[in-house]
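Report on the following structure.
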Amino acid sequence: MEDVLRPIYQERASNKDTLGILLIEKKKSESPVTDNLDAILFIVTKTTETSLFIKQYEYENERAALYMASEQQMSEWIMNGTNRRIIDWILNGKVLFDRNEYMENLKKRLIDFPREDRTKRIGVEFAKLIRRFKEGKDFYASNHYLDAFNHVIHALHHLARLSVLENGFHPEVTVWNQVKKIEPEIHRLYEELIISQEEVSKRLELLFLASEFLVNKKTELGAKHLVHIMKSEKQEWTFNELVHHPEIRPYAIDLGILLEFLIEKDIIMVKKVETKGKTTSVLFFTNLGILGHFSGFVYDPNNRKPSSGDFGLKFEEIKKLQRNWYYISY
């Protein structure tokens with residue numbers, strides 16, 4: 001297949017924007033790593049018009065795909081864990097072109113897995129874990145057991161990946177094989193949820209009790225990235241400053257529920273600001289628009305819904321997001 005693809009990758013290699021080219025070939029009859037195609041040609045570029053370009057080829061009953069991704073897109077996949085095949089491609093793919101040893105250095109960085117990369121990736125997984133865990137508990141409390149079951153499954157996957165990352169490894173697609181060796185109690189929880197003959201509600205009840213202990217056990221580790229940024233740069237932050245911080249952006253979508261969890265655990269403190277109604281709540285700006293319009297978040301420790309007139313502003317929209325957190329626009 002390499003001979004067939006050679007004219008394609010040689011043309012791409014001549015482009016000064018190309019950093020590296022990998023060939024990933026199908027090794028089994030069923031190969032999710034290559035989307036069941038015979039080969040994947042993966043090209044990393046400095047910049048592209050789109051963050052990802054895909055094109056498929058067919059030659060004498062063999063099929064291949066060209067994946068061309070920007071360096072930024074590839075970094076996001078690795079950090080966010082949203083394309084776990086990328087790790088396999090980089091570590092096991094055949095290098096066809098390597099400008100200034102870019103692919104070799106990238107592979108070495110993945111193998112070494114520097115502490116700063118690992119800490120950030122742990123922060124991403126922990127934020128996802130907290131969202132799934134909290135939402136699962138909410139579904140369980142509302143007797144929506146199948147929805148709760150789905151969220152607990154996802155929460156356990158995040159917990160498993162967190163354990164693998166903690167031990168200095170990249171989570172693989174077959175993460176449960178890794179976890180069984182690294183932290184077997186998490187593997188047993190997963191088995192209990194899947195294999196047990198108990199009613200779903202009973203399984204969930206036991207799982208939430210056991211999982212809560214493990215989540216609390218991982219809290220200091222999971223919050224380390226966020227806490228380090230908050231301590232190292234300044235003492236006080238607004239939600240807007242945090243959610244737009246480049247280091248926090250990979251888990252910005254889960255930042256609200258993560259902050260709420262860390263506030264409950266007394267890891268992060270909230271500075272209270274007196275409002276017009278003499279109650280205490282904090283307004284975090286998230287979007288400053290034109291002509292004085294903005295949207296933002298309000299945190300109230302007493303779960304009191306904001307009123308138009310608070311902070312000296314007349315709100316056009318007030319929407320509850322979750323306990324203590326409200327979205328407002330003006």
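Chain labels run A, B, ... following the order of the structure tokens; each chain numbers its residues from 1, and ligands are numbered from 1 in the order shown.
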For Phe42 of chain A: contacts at 8 Å, only C-alpha atoms, fewer than 3 positions along chain excluded, given as a tab-separated table (two decimals) with C-alpha atoms, in the first residue's frame:
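Done, and the output landed in out.tsv:
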```tsv
chain	number	residue	atom	x	y	z
A	21	ILE	CA	3.96	12.13	7.61
A	22	LEU	CA	3.04	8.75	9.14
A	23	LEU	CA	1.72	5.55	7.59
A	24	ILE	CA	-0.58	3.38	9.69
A	66	LEU	CA	-5.49	10.80	4.03
A	67	TYR	CA	-5.80	12.66	7.33
A	68	MET	CA	-4.22	16.10	7.34
A	69	ALA	CA	-4.35	17.94	10.67
```
Inset, instruction - Write out as a PyMOL selection string which residues come within 9 Å of Asn143 of chain A when counting only C-alpha atoms, dropping same-chain ones fewer than 5 positions away. - result: chain A and resi 138+148+201
Inset, instruction - Tell me, as JSON, numbers by chain, which residues lie within 7 Å of segment 249-265 of chain A, counting only C-alpha atoms; anything in the same chain fewer than 4 positions away does not count. - result: {"A": [80, 124, 127, 128, 130, 131, 243, 244, 245, 269]}
Legend entry - Among the residues A:Gly123, A:Ala13, A:Ser51, A:Glu241, the one that comes closest to Met74 of chain A [using only C-alpha atoms]: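 Looking only at the distances to Met74 of chain A, the closest residue turns out to be A:Ser51.
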Legend entry - Atomic separation - atom CA of Gln56 of chain A relative to atom CA of Ile8 of chain A, Å: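 So the answer is 11.7 Å.
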Quick one: residues within 10 Å of segment 92-108 of chain A, only C-alpha atoms, excluding same-chain residues fewer than 6 positions away - as a PDB file with all heavy atoms, in the first residue's frame?
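After the write, part.pdb holds the following:
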```pdb
ATOM      1  N   GLU A   2       2.041   1.154   0.616  1.00  0.00           N
ATOM      2  CA  GLU A   2       2.934   2.309   0.667  1.00  0.00           C
ATOM      3  C   GLU A   2       3.331   2.774  -0.732  1.00  0.00           C
ATOM      4  O   GLU A   2       3.410   3.990  -0.998  1.00  0.00           O
ATOM      5  CB  GLU A   2       4.180   1.966   1.491  1.00  0.00           C
ATOM      6  CG  GLU A   2       5.137   3.137   1.635  1.00  0.00           C
ATOM      7  CD  GLU A   2       6.366   2.787   2.454  1.00  0.00           C
ATOM      8  OE1 GLU A   2       6.356   1.752   3.144  1.00  0.00           O
ATOM      9  OE2 GLU A   2       7.339   3.563   2.399  1.00  0.00           O
ATOM     10  N   ARG A   6       2.785   6.496  -2.345  1.00  0.00           N
ATOM     11  CA  ARG A   6       4.025   7.269  -2.421  1.00  0.00           C
ATOM     12  C   ARG A   6       3.872   8.594  -3.186  1.00  0.00           C
ATOM     13  O   ARG A   6       4.330   9.640  -2.711  1.00  0.00           O
ATOM     14  CB  ARG A   6       5.145   6.423  -3.048  1.00  0.00           C
ATOM     15  CG  ARG A   6       6.497   7.182  -3.072  1.00  0.00           C
ATOM     16  CD  ARG A   6       7.653   6.303  -3.543  1.00  0.00           C
ATOM     17  NE  ARG A   6       8.020   5.373  -2.475  1.00  0.00           N
ATOM     18  CZ  ARG A   6       7.839   4.056  -2.535  1.00  0.00           C
ATOM     19  NH1 ARG A   6       7.272   3.510  -3.605  1.00  0.00           N
ATOM     20  NH2 ARG A   6       8.210   3.277  -1.553  1.00  0.00           N
ATOM     21  N   TYR A   9       2.145  11.166  -0.780  1.00  0.00           N
ATOM     22  CA  TYR A   9       2.877  11.735   0.344  1.00  0.00           C
ATOM     23  C   TYR A   9       4.145  12.470  -0.098  1.00  0.00           C
ATOM     24  O   TYR A   9       4.601  13.397   0.581  1.00  0.00           O
ATOM     25  CB  TYR A   9       3.156  10.695   1.430  1.00  0.00           C
ATOM     26  CG  TYR A   9       4.190   9.631   1.146  1.00  0.00           C
ATOM     27  CD1 TYR A   9       5.553   9.930   1.131  1.00  0.00           C
ATOM     28  CD2 TYR A   9       3.814   8.300   0.980  1.00  0.00           C
ATOM     29  CE1 TYR A   9       6.505   8.944   0.910  1.00  0.00           C
ATOM     30  CE2 TYR A   9       4.753   7.306   0.761  1.00  0.00           C
ATOM     31  CZ  TYR A   9       6.103   7.634   0.728  1.00  0.00           C
ATOM     32  OH  TYR A   9       7.039   6.653   0.529  1.00  0.00           O
ATOM     33  N   GLN A  10       4.711  12.095  -1.259  1.00  0.00           N
ATOM     34  CA  GLN A  10       5.874  12.832  -1.748  1.00  0.00           C
ATOM     35  C   GLN A  10       5.494  14.258  -2.135  1.00  0.00           C
ATOM     36  O   GLN A  10       6.253  15.202  -1.900  1.00  0.00           O
ATOM     37  CB  GLN A  10       6.497  12.102  -2.941  1.00  0.00           C
ATOM     38  CG  GLN A  10       7.297  10.868  -2.542  1.00  0.00           C
ATOM     39  CD  GLN A  10       7.928  10.168  -3.721  1.00  0.00           C
ATOM     40  OE1 GLN A  10       7.499  10.326  -4.873  1.00  0.00           O
ATOM     41  NE2 GLN A  10       8.959   9.372  -3.452  1.00  0.00           N
ATOM     42  N   ARG A  12       3.053  15.970  -0.752  1.00  0.00           N
ATOM     43  CA  ARG A  12       2.820  16.683   0.508  1.00  0.00           C
ATOM     44  C   ARG A  12       4.134  17.004   1.206  1.00  0.00           C
ATOM     45  O   ARG A  12       4.279  18.050   1.838  1.00  0.00           O
ATOM     46  CB  ARG A  12       1.929  15.844   1.436  1.00  0.00           C
ATOM     47  CG  ARG A  12       0.568  15.502   0.862  1.00  0.00           C
ATOM     48  CD  ARG A  12      -0.331  16.706   0.773  1.00  0.00           C
ATOM     49  NE  ARG A  12      -1.636  16.341   0.206  1.00  0.00           N
ATOM     50  CZ  ARG A  12      -2.647  17.190   0.066  1.00  0.00           C
ATOM     51  NH1 ARG A  12      -2.511  18.442   0.440  1.00  0.00           N
ATOM     52  NH2 ARG A  12      -3.792  16.791  -0.468  1.00  0.00           N
ATOM     53  N   ALA A  13       5.109  16.087   1.114  1.00  0.00           N
ATOM     54  CA  ALA A  13       6.395  16.296   1.781  1.00  0.00           C
ATOM     55  C   ALA A  13       7.150  17.489   1.205  1.00  0.00           C
ATOM     56  O   ALA A  13       7.939  18.141   1.904  1.00  0.00           O
ATOM     57  CB  ALA A  13       7.246  15.033   1.671  1.00  0.00           C
ATOM     58  N   SER A  14       6.907  17.799  -0.070  1.00  0.00           N
ATOM     59  CA  SER A  14       7.589  18.926  -0.708  1.00  0.00           C
ATOM     60  C   SER A  14       7.042  20.276  -0.240  1.00  0.00           C
ATOM     61  O   SER A  14       7.660  21.316  -0.479  1.00  0.00           O
ATOM     62  CB  SER A  14       7.463  18.821  -2.232  1.00  0.00           C
ATOM     63  OG  SER A  14       6.096  18.917  -2.626  1.00  0.00           O
ATOM     64  N   LYS A  16       6.540  23.109   2.315  1.00  0.00           N
ATOM     65  CA  LYS A  16       7.318  23.552   3.479  1.00  0.00           C
ATOM     66  C   LYS A  16       6.471  23.629   4.756  1.00  0.00           C
ATOM     67  O   LYS A  16       7.005  23.700   5.859  1.00  0.00           O
ATOM     68  CB  LYS A  16       7.959  24.914   3.198  1.00  0.00           C
ATOM     69  CG  LYS A  16       6.960  26.041   2.961  1.00  0.00           C
ATOM     70  CD  LYS A  16       7.687  27.355   2.678  1.00  0.00           C
ATOM     71  CE  LYS A  16       6.683  28.501   2.454  1.00  0.00           C
ATOM     72  NZ  LYS A  16       7.386  29.793   2.191  1.00  0.00           N
ATOM     73  N   ASP A  17       5.139  23.589   4.597  1.00  0.00           N
ATOM     74  CA  ASP A  17       4.233  23.639   5.753  1.00  0.00           C
ATOM     75  C   ASP A  17       4.099  22.262   6.429  1.00  0.00           C
ATOM     76  O   ASP A  17       3.653  22.167   7.565  1.00  0.00           O
ATOM     77  CB  ASP A  17       2.849  24.110   5.286  1.00  0.00           C
ATOM     78  CG  ASP A  17       2.031  24.701   6.423  1.00  0.00           C
ATOM     79  OD1 ASP A  17       2.594  25.431   7.245  1.00  0.00           O
ATOM     80  OD2 ASP A  17       0.824  24.399   6.481  1.00  0.00           O
ATOM     81  N   THR A  18       4.519  21.207   5.738  1.00  0.00           N
ATOM     82  CA  THR A  18       4.379  19.857   6.269  1.00  0.00           C
ATOM     83  C   THR A  18       5.472  19.561   7.286  1.00  0.00           C
ATOM     84  O   THR A  18       6.663  19.721   7.005  1.00  0.00           O
ATOM     85  CB  THR A  18       4.442  18.818   5.131  1.00  0.00           C
ATOM     86  OG1 THR A  18       3.383  19.087   4.200  1.00  0.00           O
ATOM     87  CG2 THR A  18       4.293  17.410   5.678  1.00  0.00           C
ATOM     88  N   LEU A  19       5.068  19.103   8.485  1.00  0.00           N
ATOM     89  CA  LEU A  19       6.017  18.803   9.565  1.00  0.00           C
ATOM     90  C   LEU A  19       6.384  17.329   9.603  1.00  0.00           C
ATOM     91  O   LEU A  19       7.516  16.968   9.938  1.00  0.00           O
ATOM     92  CB  LEU A  19       5.422  19.218  10.914  1.00  0.00           C
ATOM     93  CG  LEU A  19       5.142  20.708  11.095  1.00  0.00           C
ATOM     94  CD1 LEU A  19       4.393  20.954  12.401  1.00  0.00           C
ATOM     95  CD2 LEU A  19       6.438  21.505  11.071  1.00  0.00           C
ATOM     96  N   GLY A  20       5.416  16.447   9.304  1.00  0.00           N
ATOM     97  CA  GLY A  20       5.687  15.022   9.362  1.00  0.00           C
ATOM     98  C   GLY A  20       4.583  14.221   8.703  1.00  0.00           C
ATOM     99  O   GLY A  20       3.442  14.681   8.606  1.00  0.00           O
ATOM    100  N   ILE A  21       4.932  13.021   8.246  1.00  0.00           N
ATOM    101  CA  ILE A  21       3.962  12.127   7.605  1.00  0.00           C
ATOM    102  C   ILE A  21       4.139  10.725   8.184  1.00  0.00           C
ATOM    103  O   ILE A  21       5.257  10.207   8.246  1.00  0.00           O
ATOM    104  CB  ILE A  21       4.146  12.084   6.078  1.00  0.00           C
ATOM    105  CG1 ILE A  21       4.015  13.497   5.480  1.00  0.00           C
ATOM    106  CG2 ILE A  21       3.133  11.140   5.436  1.00  0.00           C
ATOM    107  CD1 ILE A  21       4.291  13.563   3.981  1.00  0.00           C
ATOM    108  N   LEU A  22       3.028  10.106   8.590  1.00  0.00           N
ATOM    109  CA  LEU A  22       3.035   8.753   9.137  1.00  0.00           C
ATOM    110  C   LEU A  22       2.162   7.845   8.291  1.00  0.00           C
ATOM    111  O   LEU A  22       1.154   8.279   7.740  1.00  0.00           O
ATOM    112  CB  LEU A  22       2.495   8.751  10.578  1.00  0.00           C
ATOM    113  CG  LEU A  22       3.278   9.512  11.646  1.00  0.00           C
ATOM    114  CD1 LEU A  22       2.505   9.483  12.960  1.00  0.00           C
ATOM    115  CD2 LEU A  22       4.663   8.938  11.823  1.00  0.00           C
ATOM    116  N   LEU A  23       2.535   6.573   8.229  1.00  0.00           N
ATOM    117  CA  LEU A  23       1.725   5.551   7.585  1.00  0.00           C
ATOM    118  C   LEU A  23       1.285   4.548   8.639  1.00  0.00           C
ATOM    119  O   LEU A  23       2.112   3.978   9.345  1.00  0.00           O
ATOM    120  CB  LEU A  23       2.522   4.828   6.489  1.00  0.00           C
ATOM    121  CG  LEU A  23       1.805   3.647   5.809  1.00  0.00           C
ATOM    122  CD1 LEU A  23       0.611   4.148   4.995  1.00  0.00           C
ATOM    123  CD2 LEU A  23       2.777   2.874   4.915  1.00  0.00           C
ATOM    124  N   ILE A  24      -0.018   4.355   8.753  1.00  0.00           N
ATOM    125  CA  ILE A  24      -0.576   3.384   9.693  1.00  0.00           C
ATOM    126  C   ILE A  24      -1.315   2.339   8.869  1.00  0.00           C
ATOM    127  O   ILE A  24      -2.300   2.656   8.190  1.00  0.00           O
ATOM    128  CB  ILE A  24      -1.536   4.038  10.710  1.00  0.00           C
ATOM    129  CG1 ILE A  24      -0.820   5.164  11.460  1.00  0.00           C
ATOM    130  CG2 ILE A  24      -2.061   3.007  11.697  1.00  0.00           C
ATOM    131  CD1 ILE A  24      -1.000   6.534  10.857  1.00  0.00           C
ATOM    132  N   GLU A  25      -0.852   1.105   8.893  1.00  0.00           N
ATOM    133  CA  GLU A  25      -1.430   0.049   8.071  1.00  0.00           C
ATOM    134  C   GLU A  25      -2.295  -0.895   8.890  1.00  0.00           C
ATOM    135  O   GLU A  25      -2.037  -1.139  10.073  1.00  0.00           O
ATOM    136  CB  GLU A  25      -0.325  -0.737   7.362  1.00  0.00           C
ATOM    137  CG  GLU A  25       0.428   0.097   6.339  1.00  0.00           C
ATOM    138  CD  GLU A  25       1.414  -0.711   5.527  1.00  0.00           C
ATOM    139  OE1 GLU A  25       2.487  -1.023   6.053  1.00  0.00           O
ATOM    140  OE2 GLU A  25       1.089  -1.019   4.359  1.00  0.00           O
ATOM    141  N   ILE A  40      -3.843   4.320   6.677  1.00  0.00           N
ATOM    142  CA  ILE A  40      -4.088   5.731   6.983  1.00  0.00           C
ATOM    143  C   ILE A  40      -2.791   6.488   6.726  1.00  0.00           C
ATOM    144  O   ILE A  40      -1.717   6.084   7.195  1.00  0.00           O
ATOM    145  CB  ILE A  40      -4.499   5.941   8.459  1.00  0.00           C
ATOM    146  CG1 ILE A  40      -5.828   5.251   8.770  1.00  0.00           C
ATOM    147  CG2 ILE A  40      -4.569   7.444   8.785  1.00  0.00           C
ATOM    148  CD1 ILE A  40      -7.047   5.921   8.195  1.00  0.00           C
ATOM    149  N   LEU A  41      -2.882   7.555   5.990  1.00  0.00           N
ATOM    150  CA  LEU A  41      -1.751   8.450   5.781  1.00  0.00           C
ATOM    151  C   LEU A  41      -2.020   9.699   6.625  1.00  0.00           C
ATOM    152  O   LEU A  41      -2.953  10.445   6.348  1.00  0.00           O
ATOM    153  CB  LEU A  41      -1.642   8.807   4.301  1.00  0.00           C
ATOM    154  CG  LEU A  41      -0.293   9.326   3.785  1.00  0.00           C
ATOM    155  CD1 LEU A  41       0.804   8.288   4.000  1.00  0.00           C
ATOM    156  CD2 LEU A  41      -0.401   9.683   2.308  1.00  0.00           C
ATOM    157  N   PHE A  42      -1.232   9.876   7.676  1.00  0.00           N
ATOM    158  CA  PHE A  42      -1.473  10.978   8.615  1.00  0.00           C
ATOM    159  C   PHE A  42      -0.401  12.048   8.424  1.00  0.00           C
ATOM    160  O   PHE A  42       0.798  11.783   8.580  1.00  0.00           O
ATOM    161  CB  PHE A  42      -1.462  10.472  10.047  1.00  0.00           C
ATOM    162  CG  PHE A  42      -1.701  11.539  11.078  1.00  0.00           C
ATOM    163  CD1 PHE A  42      -2.807  12.375  10.994  1.00  0.00           C
ATOM    164  CD2 PHE A  42      -0.827  11.714  12.138  1.00  0.00           C
ATOM    165  CE1 PHE A  42      -3.040  13.364  11.932  1.00  0.00           C
ATOM    166  CE2 PHE A  42      -1.053  12.699  13.097  1.00  0.00           C
ATOM    167  CZ  PHE A  42      -2.157  13.527  12.990  1.00  0.00           C
ATOM    168  N   ILE A  43      -0.852  13.250   8.091  1.00  0.00           N
ATOM    169  CA  ILE A  43       0.058  14.364   7.817  1.00  0.00           C
ATOM    170  C   ILE A  43      -0.181  15.479   8.820  1.00  0.00           C
ATOM    171  O   ILE A  43      -1.317  15.917   9.028  1.00  0.00           O
ATOM    172  CB  ILE A  43      -0.149  14.894   6.375  1.00  0.00           C
ATOM    173  CG1 ILE A  43       0.097  13.769   5.367  1.00  0.00           C
ATOM    174  CG2 ILE A  43       0.761  16.084   6.103  1.00  0.00           C
ATOM    175  CD1 ILE A  43      -0.199  14.164   3.934  1.00  0.00           C
ATOM    176  N   VAL A  44       0.896  15.940   9.440  1.00  0.00           N
ATOM    177  CA  VAL A  44       0.814  17.057  10.391  1.00  0.00           C
ATOM    178  C   VAL A  44       1.411  18.288   9.728  1.00  0.00           C
ATOM    179  O   VAL A  44       2.516  18.234   9.160  1.00  0.00           O
ATOM    180  CB  VAL A  44       1.588  16.749  11.691  1.00  0.00           C
ATOM    181  CG1 VAL A  44       1.421  17.892  12.689  1.00  0.00           C
ATOM    182  CG2 VAL A  44       1.121  15.442  12.302  1.00  0.00           C
ATOM    183  N   ILE A  86      -4.905   8.787  18.061  1.00  0.00           N
ATOM    184  CA  ILE A  86      -3.750   9.595  17.664  1.00  0.00           C
ATOM    185  C   ILE A  86      -2.490   9.155  18.388  1.00  0.00           C
ATOM    186  O   ILE A  86      -1.385   9.183  17.833  1.00  0.00           O
ATOM    187  CB  ILE A  86      -4.036  11.108  17.899  1.00  0.00           C
ATOM    188  CG1 ILE A  86      -3.064  11.968  17.089  1.00  0.00           C
ATOM    189  CG2 ILE A  86      -3.944  11.479  19.348  1.00  0.00           C
ATOM    190  CD1 ILE A  86      -3.302  11.920  15.622  1.00  0.00           C
TER     191      ILE A  86
END
```
Inset, instruction - Name the closest residue to Ser307 of chain A among the candidates A:Thr119, A:Leu91, A:Ile328, A:Val173; distances are taken between atoms, counting only C-alpha atoms. - result: A:Ile328
Legend entry - Selection: 12 Å around Tyr57 of chain A, only C-alpha atoms, excl. self and same-chain fewer than 3 positions, as a list in words: Met1, Val4, Leu5, Ile8, Leu37, Asp38, Ala39, Ile40, Leu41, Ile54, Glu60, Asn61, Glu62, Arg63, Ala64, Ala65, Leu66 and Tyr67 of chain A
Go ahead and save the picked residues with all heavy atoms, as a CSV table (one decimal), in the first residue's frame.
```
chain,number,residue,atom,x,y,z
A,1,MET,N,0.8,-1.2,0.0
A,1,MET,CA,0.0,0.0,0.0
A,1,MET,C,0.9,1.3,0.0
A,1,MET,O,0.5,2.3,-0.6
A,1,MET,CB,-0.9,0.0,1.2
A,1,MET,CG,-2.1,1.0,1.1
A,1,MET,SD,-3.2,0.6,-0.2
A,1,MET,CE,-4.3,1.9,-0.2
A,4,VAL,N,1.6,2.5,-3.5
A,4,VAL,CA,0.5,3.2,-4.1
A,4,VAL,C,0.4,4.6,-3.6
A,4,VAL,O,0.0,5.5,-4.4
A,4,VAL,CB,-0.8,2.4,-3.8
A,4,VAL,CG1,-2.0,3.1,-4.3
A,4,VAL,CG2,-0.7,1.0,-4.4
A,5,LEU,N,0.6,4.8,-2.3
A,5,LEU,CA,0.5,6.1,-1.7
A,5,LEU,C,1.7,7.1,-1.8
A,5,LEU,O,1.6,8.2,-1.5
A,5,LEU,CB,0.2,6.0,-0.2
A,5,LEU,CG,-1.1,5.3,0.2
A,5,LEU,CD1,-1.2,5.0,1.7
A,5,LEU,CD2,-2.4,6.1,-0.3
A,8,ILE,N,1.4,10.5,-3.4
A,8,ILE,CA,0.6,11.4,-2.6
A,8,ILE,C,1.4,12.0,-1.5
A,8,ILE,O,1.5,13.3,-1.4
A,8,ILE,CB,-0.6,10.7,-2.0
A,8,ILE,CG1,-1.5,10.1,-3.2
A,8,ILE,CG2,-1.4,11.6,-1.1
A,8,ILE,CD1,-2.6,9.2,-2.7
A,37,LEU,N,-10.0,0.6,7.2
A,37,LEU,CA,-9.3,0.9,5.9
A,37,LEU,C,-8.0,0.1,5.9
A,37,LEU,O,-7.5,-0.2,7.0
A,37,LEU,CB,-9.1,2.3,5.7
A,37,LEU,CG,-10.4,3.2,5.7
A,37,LEU,CD1,-10.0,4.7,5.6
A,37,LEU,CD2,-11.3,2.8,4.5
A,38,ASP,N,-7.4,-0.1,4.7
A,38,ASP,CA,-6.2,-0.8,4.6
A,38,ASP,C,-5.0,0.1,5.1
A,38,ASP,O,-4.0,-0.5,5.6
A,38,ASP,CB,-5.9,-1.2,3.2
A,38,ASP,CG,-7.0,-2.2,2.7
A,38,ASP,OD1,-6.9,-3.4,3.2
A,38,ASP,OD2,-7.8,-1.8,1.9
A,39,ALA,N,-5.1,1.4,5.0
A,39,ALA,CA,-4.0,2.3,5.5
A,39,ALA,C,-4.6,3.7,5.8
A,39,ALA,O,-5.6,4.1,5.2
A,39,ALA,CB,-2.9,2.3,4.4
A,40,ILE,N,-3.8,4.3,6.7
A,40,ILE,CA,-4.1,5.7,7.0
A,40,ILE,C,-2.8,6.5,6.7
A,40,ILE,O,-1.7,6.1,7.2
A,40,ILE,CB,-4.5,5.9,8.5
A,40,ILE,CG1,-5.8,5.3,8.8
A,40,ILE,CG2,-4.6,7.4,8.8
A,40,ILE,CD1,-7.0,5.9,8.2
A,41,LEU,N,-2.9,7.6,6.0
A,41,LEU,CA,-1.8,8.5,5.8
A,41,LEU,C,-2.0,9.7,6.6
A,41,LEU,O,-3.0,10.4,6.3
A,41,LEU,CB,-1.6,8.8,4.3
A,41,LEU,CG,-0.3,9.3,3.8
A,41,LEU,CD1,0.8,8.3,4.0
A,41,LEU,CD2,-0.4,9.7,2.3
A,54,ILE,N,-9.8,15.4,5.4
A,54,ILE,CA,-9.8,14.0,5.2
A,54,ILE,C,-10.2,13.7,3.7
A,54,ILE,O,-11.2,14.3,3.2
A,54,ILE,CB,-10.8,13.3,6.1
A,54,ILE,CG1,-10.5,13.6,7.6
A,54,ILE,CG2,-10.8,11.8,5.9
A,54,ILE,CD1,-11.5,13.1,8.6
A,60,GLU,N,-7.4,-0.9,-6.7
A,60,GLU,CA,-7.5,-2.4,-6.8
A,60,GLU,C,-8.0,-3.1,-5.5
A,60,GLU,O,-7.3,-3.9,-4.8
A,60,GLU,CB,-6.1,-2.9,-7.1
A,60,GLU,CG,-5.6,-2.5,-8.5
A,60,GLU,CD,-4.3,-3.1,-8.9
A,60,GLU,OE1,-3.6,-3.8,-8.0
A,60,GLU,OE2,-3.9,-3.0,-10.0
A,61,ASN,N,-9.2,-2.7,-5.1
A,61,ASN,CA,-9.9,-3.2,-3.9
A,61,ASN,C,-9.2,-2.9,-2.6
A,61,ASN,O,-9.6,-3.5,-1.5
A,61,ASN,CB,-10.0,-4.7,-4.0
A,61,ASN,CG,-10.9,-5.1,-5.2
A,61,ASN,OD1,-11.9,-4.4,-5.5
A,61,ASN,ND2,-10.5,-6.2,-5.9
A,62,GLU,N,-8.2,-2.0,-2.6
A,62,GLU,CA,-7.6,-1.6,-1.3
A,62,GLU,C,-8.0,-0.1,-1.1
A,62,GLU,O,-8.1,0.7,-2.0
A,62,GLU,CB,-6.1,-1.7,-1.3
A,62,GLU,CG,-5.6,-3.1,-1.3
A,62,GLU,CD,-4.1,-3.2,-1.0
A,62,GLU,OE1,-3.4,-2.5,-1.8
A,62,GLU,OE2,-3.7,-3.9,-0.1
A,63,ARG,N,-8.3,0.2,0.2
A,63,ARG,CA,-8.8,1.6,0.5
A,63,ARG,C,-7.9,2.2,1.5
A,63,ARG,O,-7.4,1.5,2.4
A,63,ARG,CB,-10.2,1.5,1.0
A,63,ARG,CG,-11.2,1.0,0.0
A,63,ARG,CD,-12.6,0.8,0.6
A,63,ARG,NE,-13.1,2.1,1.0
A,63,ARG,CZ,-13.9,2.3,2.1
A,63,ARG,NH1,-14.3,1.2,2.8
A,63,ARG,NH2,-14.4,3.5,2.4
A,64,ALA,N,-7.7,3.5,1.3
A,64,ALA,CA,-6.8,4.3,2.3
A,64,ALA,C,-7.5,5.6,2.5
A,64,ALA,O,-8.3,6.1,1.7
A,64,ALA,CB,-5.4,4.4,1.7
A,65,ALA,N,-7.0,6.3,3.5
A,65,ALA,CA,-7.5,7.6,3.8
A,65,ALA,C,-6.4,8.5,4.2
A,65,ALA,O,-5.4,8.1,4.8
A,65,ALA,CB,-8.5,7.6,5.0
A,66,LEU,N,-6.5,9.8,3.7
A,66,LEU,CA,-5.5,10.8,4.0
A,66,LEU,C,-6.1,11.7,5.1
A,66,LEU,O,-7.2,12.2,4.9
A,66,LEU,CB,-5.2,11.6,2.8
A,66,LEU,CG,-4.5,13.0,3.0
A,66,LEU,CD1,-3.0,12.7,3.5
A,66,LEU,CD2,-4.5,13.8,1.7
A,67,TYR,N,-5.4,11.8,6.2
A,67,TYR,CA,-5.8,12.7,7.3
A,67,TYR,C,-4.7,13.8,7.4
A,67,TYR,O,-3.6,13.5,7.7
A,67,TYR,CB,-5.9,11.9,8.7
A,67,TYR,CG,-7.1,11.2,8.9
A,67,TYR,CD1,-7.4,10.0,8.2
A,67,TYR,CD2,-8.0,11.6,9.9
A,67,TYR,CE1,-8.6,9.3,8.5
A,67,TYR,CE2,-9.2,10.9,10.1
A,67,TYR,CZ,-9.5,9.7,9.4
A,67,TYR,OH,-10.6,9.1,9.6
```
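Counting from atom CA of Arg115 of chain A, the distance to atom CA of Phe169 of chain A is 11.0 Å.
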Legend entry - Selection: 10 Å around Met79 of chain A, only C-alpha atoms, excl. self and same-chain fewer than 4 positions, as a PyMOL selection string: chain A and resi 73-75+83-84+117-118+120-122+124-125+250
Okay, now the selection with C-alpha atoms, as a CSV table (one decimal), in the first residue's frame?
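Everything below was put into out.csv:
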```
chain,number,residue,atom,x,y,z
A,73,GLN,CA,-5.5,20.3,16.2
A,74,MET,CA,-3.3,17.4,17.0
A,75,SER,CA,-2.2,18.9,20.3
A,83,ASN,CA,-9.0,11.2,19.6
A,84,ARG,CA,-7.2,8.4,21.5
A,117,ASP,CA,1.5,17.6,30.3
A,118,ARG,CA,0.4,14.9,32.6
A,120,LYS,CA,-2.9,19.3,32.6
A,121,ARG,CA,-4.4,16.1,31.1
A,122,ILE,CA,-5.4,14.9,34.6
A,124,VAL,CA,-9.2,17.6,31.9
A,125,GLU,CA,-10.2,14.1,32.9
A,250,PRO,CA,-9.4,22.4,27.4
```
